[in-house]
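**Student:** Dropping the structure in here first, questions after.
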Protein chains: 2
Amino acid sequence: MARRKQGLSDRHKKILEVLEDYQVNVGYPPSIREIGKEADISSTSVVNYYLDQLEKEGYIERDRKVSRGMRLLRDVTGRLIESVEEAVDNMLLIPLAGRIGAGIVIQPPESGFDIFPPDEGVEVARSMLSEKDASANLYALEVEGDSMIDAMVDDGDIVIMKHTQEARNGEMVAIRLEGSDETTLKYFYRENGHVRLQPANPTMEPIIIKDPSSVHVQGKVVMVIRQMGASPI
Amino acid sequence: MARRKQGLSDRHKKILEVLEDYQVNVGYPPSIREIGKEADISSTSVVNYYLDQLEKEGYIERDRKVSRGMRLLRDVTGRLIESVEEAVDNMLLIPLAGRIGAGIVIQPPESGFDIFPPDEGVEVARSMLSEKDASANLYALEVEGDSMIDAMVDDGDIVIMKHTQEARNGEMVAIRLEGSDETTLKYFYRENGHVRLQPANPTMEPIIIKDPSSVHVQGKVVMVIRQMGASPI
DNA sequence: ATTTTACATGAACATTCGTTCTATGTCAAC
DNA sequence: GTTGACATAGAACGAATGTTCATGTAAAAT
């Protein structure tokens, strides 16, 4: 019947579908006889025959002498199969470490914290961050109050922070001034001996700090997320 | 040696690790003898013994009489294992439909668009949106210019929009006023015959529109994302 | 001290399962 | 028509694999 130089026959496709189905719904690959049953192939040797071809074409990989020893590499459509780890790796679960706002001292999480309640985090796609940031020690803070409105950050916003002690010019950082309890978000600039803290809103005046050592950088803001429902006023 | 009423023994943990390792690196579950080899257990019956316990504790699921017939349900830490489809389902790829800003009329994507360049979208976790929004027809716009600064939305921000024709009070919507080319973001309120457009920044005055029919709602903002690098001034 | 319970071992057994071989059928090219 | 590549079956073999049993050890409970 079917005689084709390229492309997959219906049986090839059917077998790939069975493989995919097992992977997703069963959790492990089918045996040769199970494939035969699903694909209406009576002989194990025929199934074996097609599996060899699929391997030669790069759709699957087989481990000889091992029961169910095969893994799917490509889709029926030819697209590469994403493994669990890759899919999960695309997602970062960033712990919600607390709140930031008037009078609140934030405490970035220290070393070796591994477990936190799953709902106490925000999920962000790796693709939304720079590669460097994505692999850094990130934590999230919920903004409380309107005190950061000049930094274009609203009450209820979530800021994704990267833990760092020093800031570079132009970065938005969380800073605490010596003698103050308050931590706020500002754009940071170090210029000829003093530090300039620039509100994001250009209509507002910058704050000049004469003594750089009184400026404590808590972290750098890498992202701001605002979830909107119904809201104010 | 170890005698514990709860928690997993080292052997339990070791076996779970082997299972996870096979799942990730091999693509199919190990046989009982393979588990024994990896976990330094000489007898197959001992492995079987522990697998039964792990099943009873809800860590794995076994299919009797089936070689490699087991699937991992929970992590060593007890966290539920995410399957590929679930992991992918947790992620939304929202098409970047264009820009919004002064003088720019946005054009939300119409029915039945399924394919767009994968890099022309923003990835957002389902968990970051309400269930209703997550399954709605979403699109993203990049904000251009400072014209929305009164809505706390900065140049370069990405707004996730939900396509809708009507707005409810308190929602931030993209609106176009009759006779204007400009589309802007404002909080929307309909009250006794007129429409009030409220800037997000409380220090700014609301705009009252006498004729509601001249207000065209383009969509509702469900999220604002600001990626920070170095930046302005 | 005795019994119970949890853990461990090795061997034997029964299937399951991958592999291989032979036989047959189809179809296009020579 | 013959040939040969491809496709399909069925059966048989041996290795891989899950299951069961008989036995043993040591800590905990009685």
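Naming works like this for the structure tokens: A, B, ... for the chains as they're shown, residue 1 at the start of each chain, ligands 1 onward in shown order.
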Find the residues around range 16-27 of chain D up to 12 Å (only C-alpha atoms (C1' of nucleotides) counted), leave out those fewer than 6 positions away in its own chain, and share them as a ChimeraX atom specification.
**Tutor:** /A:64-69 /B:1-4,30-35,44-49,51,62-70 /C:4-18
**Student:** Could you give the RMSD, in Å, left over when chain B is least-squares superposed onto chain A across all Cα atoms paired sequentially?
**Tutor:**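 Root-mean-square deviation of the C-alpha atoms: 2.0 Å.
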**Student:** List the neighbours of Leu177 in chain A out to 9 Å using only C-alpha atoms (C1' of nucleotides); skip same-chain residues closer than 5 positions along the sequence, and give me the result as a list in words.
**Tutor:**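 Residues meeting the cut-off are Glu182, Thr183, Ser214, Val215, His216 and Val217 of chain A.
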**Student:** If we count only C-alpha atoms (C1' of nucleotides), what is near DG4 in chain D at a cut-off of 12 Å, once residues fewer than 5 positions away on the same chain are taken out, given as a PyMOL selection string?
**Tutor:** chain C and resi 26-30
**Student:** Find the spatial neighbours of Leu54 in chain B, counting only C-alpha atoms (C1' of nucleotides), within a cut-off of 10 Å - ignore same-chain residues fewer than 3 positions away - and output them as a PDB file with C-alpha atoms, in the first residue's frame.
**Tutor:**
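The result, stored in selection.pdb:
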```pdb
ATOM      1  CA  LEU B   8      11.159   8.084  55.509  1.00  0.00           C
ATOM      2  CA  HIS B  12      13.118   5.073  51.317  1.00  0.00           C
ATOM      3  CA  LYS B  13      14.742   8.340  50.375  1.00  0.00           C
ATOM      4  CA  ILE B  15      14.875   4.704  46.388  1.00  0.00           C
ATOM      5  CA  LEU B  16      12.868   7.844  45.691  1.00  0.00           C
ATOM      6  CA  ASN B  48       9.761  -4.715  46.591  1.00  0.00           C
ATOM      7  CA  TYR B  49       9.103  -4.389  50.296  1.00  0.00           C
ATOM      8  CA  TYR B  50      10.054  -0.721  50.303  1.00  0.00           C
ATOM      9  CA  LEU B  51       8.193   0.031  47.118  1.00  0.00           C
ATOM     10  CA  GLU B  57       2.515   6.308  51.901  1.00  0.00           C
ATOM     11  CA  GLY B  58       1.405   7.805  48.627  1.00  0.00           C
ATOM     12  CA  TYR B  59       4.817   8.522  47.196  1.00  0.00           C
ATOM     13  CA  ILE B  60       4.499   6.250  44.205  1.00  0.00           C
ATOM     14  CA  GLU B  61       1.885   4.265  42.352  1.00  0.00           C
ATOM     15  CA  ARG B  62       2.534   0.713  41.213  1.00  0.00           C
ATOM     16  CA  LEU B  72       6.515   8.899  41.029  1.00  0.00           C
ATOM     17  CA  LEU B  73       3.810  10.936  42.708  1.00  0.00           C
ATOM     18  CA  ARG B  74       5.785  12.928  45.236  1.00  0.00           C
TER      19      ARG B  74
END
```
**Student:** In Å to one decimal, how far is CA of Lys220 in chain A from CA of Thr164 in chain A?
**Tutor:**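 Distance between the two atoms: 6.5 Å.
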